[in-house]
Amino acid sequence: MNDKISIIIPVYNAEKYIKRCIKSIKSQTYENYEAIFIDDGSTDKSLEIIQENINNKMIVITQKNK
């Protein structure tokens with residue numbers, strides 16, 4: 001059974017760690033996934049790093065800080 005899984009990653013000022021997170025997701029052997037990054041109004045370069053490193057199984061949602 002190859003059920004699709006969703007990985008939800010909340011992001012707020014995570015520029016030190018987000019590239020490592022993306023690399024970890026991409027290196028998994030299970031391929032039927034989607035990764036959803038929810039940027040909560042980061043003021044650092046988190047959003048820029050995400051946009052430069054995602055693939056077609058990953059999406060980004062941005063919102064104002066809540």
# chains A, B, ... in the order shown; residues from 1 in each chain; ligands from 1
call {"tool": "residues_around", "arguments": {"residues": "Lys26 of chain A", "least_positions_apart": "5", "cutoff": "9 Å", "atoms": "only C-alpha atoms", "output": "PyMOL selection string"}}
result
chain A and resi 21+31+54-55
call {"tool": "write_last_selection", "arguments": {"atoms": "N, CA and C atoms", "output": "CSV table (one decimal), in the first residue's frame"}}
result
chain,number,residue,atom,x,y,z
A,21,CYS,N,16.3,20.6,6.9
A,21,CYS,CA,15.0,19.9,6.9
A,21,CYS,C,14.6,19.5,5.5
A,31,GLU,N,8.4,7.8,-1.5
A,31,GLU,CA,8.3,8.9,-2.4
A,31,GLU,C,6.9,9.4,-2.6
A,54,ILE,N,13.0,23.8,-2.9
A,54,ILE,CA,11.9,22.8,-2.9
A,54,ILE,C,11.9,22.2,-4.3
A,55,ASN,N,11.1,21.0,-4.3
A,55,ASN,CA,10.9,20.3,-5.6
A,55,ASN,C,9.4,20.3,-5.9
call {"tool": "residues_around", "arguments": {"residues": "Lys19 of chain A", "least_positions_apart": "4", "cutoff": "8 Å", "atoms": "only C-alpha atoms", "output": "PyMOL selection string"}}
result
chain A and resi 15+23+49-50+53
call {"tool": "residues_around", "arguments": {"residues": "Leu47 of chain A", "least_positions_apart": "3", "cutoff": "12 Å", "atoms": "only C-alpha atoms", "output": "number ranges by chain"}}
result
A: 10-16, 18-19, 37-44, 50-54, 59-63
call {"tool": "write_last_selection", "arguments": {"atoms": "N, CA and C atoms", "output": "PDB file, in the first residue's frame"}}
result
ATOM      1  N   PRO A  10       5.796  23.882   9.946  1.00  0.00           N
ATOM      2  CA  PRO A  10       5.623  25.288  10.296  1.00  0.00           C
ATOM      3  C   PRO A  10       6.992  25.962  10.326  1.00  0.00           C
ATOM      4  N   VAL A  11       7.070  27.171   9.769  1.00  0.00           N
ATOM      5  CA  VAL A  11       8.351  27.865   9.659  1.00  0.00           C
ATOM      6  C   VAL A  11       8.225  29.274  10.206  1.00  0.00           C
ATOM      7  N   TYR A  12       9.109  29.612  11.129  1.00  0.00           N
ATOM      8  CA  TYR A  12       9.230  31.003  11.580  1.00  0.00           C
ATOM      9  C   TYR A  12      10.689  31.256  11.923  1.00  0.00           C
ATOM     10  N   ASN A  13      11.334  32.083  11.123  1.00  0.00           N
ATOM     11  CA  ASN A  13      12.744  32.435  11.319  1.00  0.00           C
ATOM     12  C   ASN A  13      13.612  31.195  11.522  1.00  0.00           C
ATOM     13  N   ALA A  14      13.578  30.309  10.554  1.00  0.00           N
ATOM     14  CA  ALA A  14      14.293  29.035  10.652  1.00  0.00           C
ATOM     15  C   ALA A  14      15.420  28.918   9.637  1.00  0.00           C
ATOM     16  N   GLU A  15      15.997  30.053   9.234  1.00  0.00           N
ATOM     17  CA  GLU A  15      16.998  29.995   8.170  1.00  0.00           C
ATOM     18  C   GLU A  15      18.201  29.126   8.516  1.00  0.00           C
ATOM     19  N   LYS A  16      18.513  28.948   9.774  1.00  0.00           N
ATOM     20  CA  LYS A  16      19.645  28.110  10.178  1.00  0.00           C
ATOM     21  C   LYS A  16      19.365  26.625   9.947  1.00  0.00           C
ATOM     22  N   ILE A  18      16.294  25.255   8.028  1.00  0.00           N
ATOM     23  CA  ILE A  18      15.304  24.852   7.028  1.00  0.00           C
ATOM     24  C   ILE A  18      15.927  24.095   5.856  1.00  0.00           C
ATOM     25  N   LYS A  19      17.127  24.446   5.448  1.00  0.00           N
ATOM     26  CA  LYS A  19      17.776  23.740   4.344  1.00  0.00           C
ATOM     27  C   LYS A  19      18.035  22.280   4.729  1.00  0.00           C
ATOM     28  N   PHE A  37       5.116  23.656   3.486  1.00  0.00           N
ATOM     29  CA  PHE A  37       5.816  24.594   4.362  1.00  0.00           C
ATOM     30  C   PHE A  37       4.897  25.776   4.606  1.00  0.00           C
ATOM     31  N   ILE A  38       4.648  26.069   5.872  1.00  0.00           N
ATOM     32  CA  ILE A  38       3.794  27.203   6.217  1.00  0.00           C
ATOM     33  C   ILE A  38       4.663  28.247   6.898  1.00  0.00           C
ATOM     34  N   ASP A  39       4.986  29.292   6.125  1.00  0.00           N
ATOM     35  CA  ASP A  39       5.823  30.370   6.649  1.00  0.00           C
ATOM     36  C   ASP A  39       4.933  31.367   7.380  1.00  0.00           C
ATOM     37  N   ASP A  40       5.207  31.532   8.650  1.00  0.00           N
ATOM     38  CA  ASP A  40       4.386  32.382   9.517  1.00  0.00           C
ATOM     39  C   ASP A  40       5.000  33.770   9.672  1.00  0.00           C
ATOM     40  N   GLY A  41       5.271  34.424   8.536  1.00  0.00           N
ATOM     41  CA  GLY A  41       5.773  35.790   8.569  1.00  0.00           C
ATOM     42  C   GLY A  41       7.229  35.906   8.997  1.00  0.00           C
ATOM     43  N   SER A  42       8.061  34.974   8.575  1.00  0.00           N
ATOM     44  CA  SER A  42       9.475  35.021   8.941  1.00  0.00           C
ATOM     45  C   SER A  42      10.106  36.347   8.517  1.00  0.00           C
ATOM     46  N   THR A  43      11.016  36.830   9.338  1.00  0.00           N
ATOM     47  CA  THR A  43      11.709  38.078   9.040  1.00  0.00           C
ATOM     48  C   THR A  43      13.150  37.834   8.616  1.00  0.00           C
ATOM     49  N   ASP A  44      13.551  36.582   8.546  1.00  0.00           N
ATOM     50  CA  ASP A  44      14.895  36.243   8.076  1.00  0.00           C
ATOM     51  C   ASP A  44      14.784  35.708   6.644  1.00  0.00           C
ATOM     52  N   ILE A  50      13.644  28.342   1.293  1.00  0.00           N
ATOM     53  CA  ILE A  50      12.646  27.325   0.920  1.00  0.00           C
ATOM     54  C   ILE A  50      12.387  27.367  -0.578  1.00  0.00           C
ATOM     55  N   GLN A  51      12.122  28.554  -1.099  1.00  0.00           N
ATOM     56  CA  GLN A  51      11.786  28.687  -2.519  1.00  0.00           C
ATOM     57  C   GLN A  51      12.929  28.237  -3.427  1.00  0.00           C
ATOM     58  N   GLU A  52      14.158  28.376  -2.984  1.00  0.00           N
ATOM     59  CA  GLU A  52      15.315  27.972  -3.786  1.00  0.00           C
ATOM     60  C   GLU A  52      15.557  26.459  -3.748  1.00  0.00           C
ATOM     61  N   ASN A  53      15.024  25.757  -2.758  1.00  0.00           N
ATOM     62  CA  ASN A  53      15.387  24.362  -2.544  1.00  0.00           C
ATOM     63  C   ASN A  53      14.257  23.349  -2.670  1.00  0.00           C
ATOM     64  N   ILE A  54      13.036  23.791  -2.880  1.00  0.00           N
ATOM     65  CA  ILE A  54      11.933  22.830  -2.937  1.00  0.00           C
ATOM     66  C   ILE A  54      11.855  22.156  -4.299  1.00  0.00           C
ATOM     67  N   ILE A  59       5.158  22.447  -1.424  1.00  0.00           N
ATOM     68  CA  ILE A  59       4.493  23.732  -1.652  1.00  0.00           C
ATOM     69  C   ILE A  59       4.760  24.640  -0.464  1.00  0.00           C
ATOM     70  N   VAL A  60       4.586  25.942  -0.716  1.00  0.00           N
ATOM     71  CA  VAL A  60       4.826  26.934   0.332  1.00  0.00           C
ATOM     72  C   VAL A  60       3.569  27.775   0.490  1.00  0.00           C
ATOM     73  N   ILE A  61       3.180  27.950   1.725  1.00  0.00           N
ATOM     74  CA  ILE A  61       2.070  28.838   2.072  1.00  0.00           C
ATOM     75  C   ILE A  61       2.648  29.916   2.964  1.00  0.00           C
ATOM     76  N   THR A  62       2.373  31.171   2.636  1.00  0.00           N
ATOM     77  CA  THR A  62       2.864  32.266   3.467  1.00  0.00           C
ATOM     78  C   THR A  62       1.683  32.997   4.097  1.00  0.00           C
ATOM     79  N   GLN A  63       1.919  33.475   5.278  1.00  0.00           N
ATOM     80  CA  GLN A  63       0.890  34.244   5.976  1.00  0.00           C
ATOM     81  C   GLN A  63       1.586  35.219   6.914  1.00  0.00           C
TER      82      GLN A  63
END
call {"tool": "select_by_dssp", "arguments": {"residues": "segment 4-49 of chain A", "states": "strand (DSSP E)", "output": "PyMOL selection string"}}
result
chain A and resi 5-11+33-40
call {"tool": "select_by_dssp", "arguments": {"residues": "segment 4-40 of chain A", "states": "helix (DSSP H, G or I)", "output": "PyMOL selection string"}}
result
chain A and resi 18-26
call {"tool": "atom_distance", "arguments": {"atom1": "atom CA of Lys4 of chain A", "atom2": "atom CA of Ser46 of chain A"}}
result
26.2 Å
call {"tool": "atom_distance", "arguments": {"atom1": "atom CA of Tyr17 of chain A", "atom2": "atom CA of Asp3 of chain A"}}
result
28.0 Å
call {"tool": "residues_around", "arguments": {"residues": "Ile25 of chain A", "least_positions_apart": "4", "cutoff": "9 Å", "atoms": "only C-alpha atoms", "output": "PDB file with all heavy atoms, in the first residue's frame"}}
result
ATOM      1  N   ILE A   7       3.419  16.049   4.884  1.00  0.00           N
ATOM      2  CA  ILE A   7       4.336  16.519   5.915  1.00  0.00           C
ATOM      3  C   ILE A   7       4.118  18.021   6.020  1.00  0.00           C
ATOM      4  O   ILE A   7       4.285  18.747   5.043  1.00  0.00           O
ATOM      5  CB  ILE A   7       5.802  16.230   5.521  1.00  0.00           C
ATOM      6  CG1 ILE A   7       5.979  14.762   5.185  1.00  0.00           C
ATOM      7  CG2 ILE A   7       6.753  16.671   6.627  1.00  0.00           C
ATOM      8  CD1 ILE A   7       7.237  14.456   4.403  1.00  0.00           C
ATOM      9  N   ARG A  20      18.435  22.067   5.965  1.00  0.00           N
ATOM     10  CA  ARG A  20      18.662  20.701   6.457  1.00  0.00           C
ATOM     11  C   ARG A  20      17.350  19.911   6.478  1.00  0.00           C
ATOM     12  O   ARG A  20      17.319  18.728   6.148  1.00  0.00           O
ATOM     13  CB  ARG A  20      19.282  20.764   7.850  1.00  0.00           C
ATOM     14  CG  ARG A  20      19.602  19.423   8.428  1.00  0.00           C
ATOM     15  CD  ARG A  20      20.299  19.580   9.752  1.00  0.00           C
ATOM     16  NE  ARG A  20      20.458  18.288  10.383  1.00  0.00           N
ATOM     17  CZ  ARG A  20      20.700  18.117  11.656  1.00  0.00           C
ATOM     18  NH1 ARG A  20      20.864  19.155  12.443  1.00  0.00           N
ATOM     19  NH2 ARG A  20      20.806  16.918  12.159  1.00  0.00           N
ATOM     20  N   CYS A  21      16.277  20.575   6.861  1.00  0.00           N
ATOM     21  CA  CYS A  21      14.953  19.940   6.875  1.00  0.00           C
ATOM     22  C   CYS A  21      14.552  19.502   5.470  1.00  0.00           C
ATOM     23  O   CYS A  21      14.106  18.367   5.263  1.00  0.00           O
ATOM     24  CB  CYS A  21      13.936  20.920   7.448  1.00  0.00           C
ATOM     25  SG  CYS A  21      12.234  20.345   7.403  1.00  0.00           S
ATOM     26  N   ALA A  35       5.037  17.825   0.848  1.00  0.00           N
ATOM     27  CA  ALA A  35       5.531  18.600   1.979  1.00  0.00           C
ATOM     28  C   ALA A  35       4.956  20.001   1.860  1.00  0.00           C
ATOM     29  O   ALA A  35       5.048  20.636   0.806  1.00  0.00           O
ATOM     30  CB  ALA A  35       7.050  18.641   1.992  1.00  0.00           C
TER      31      ALA A  35
END
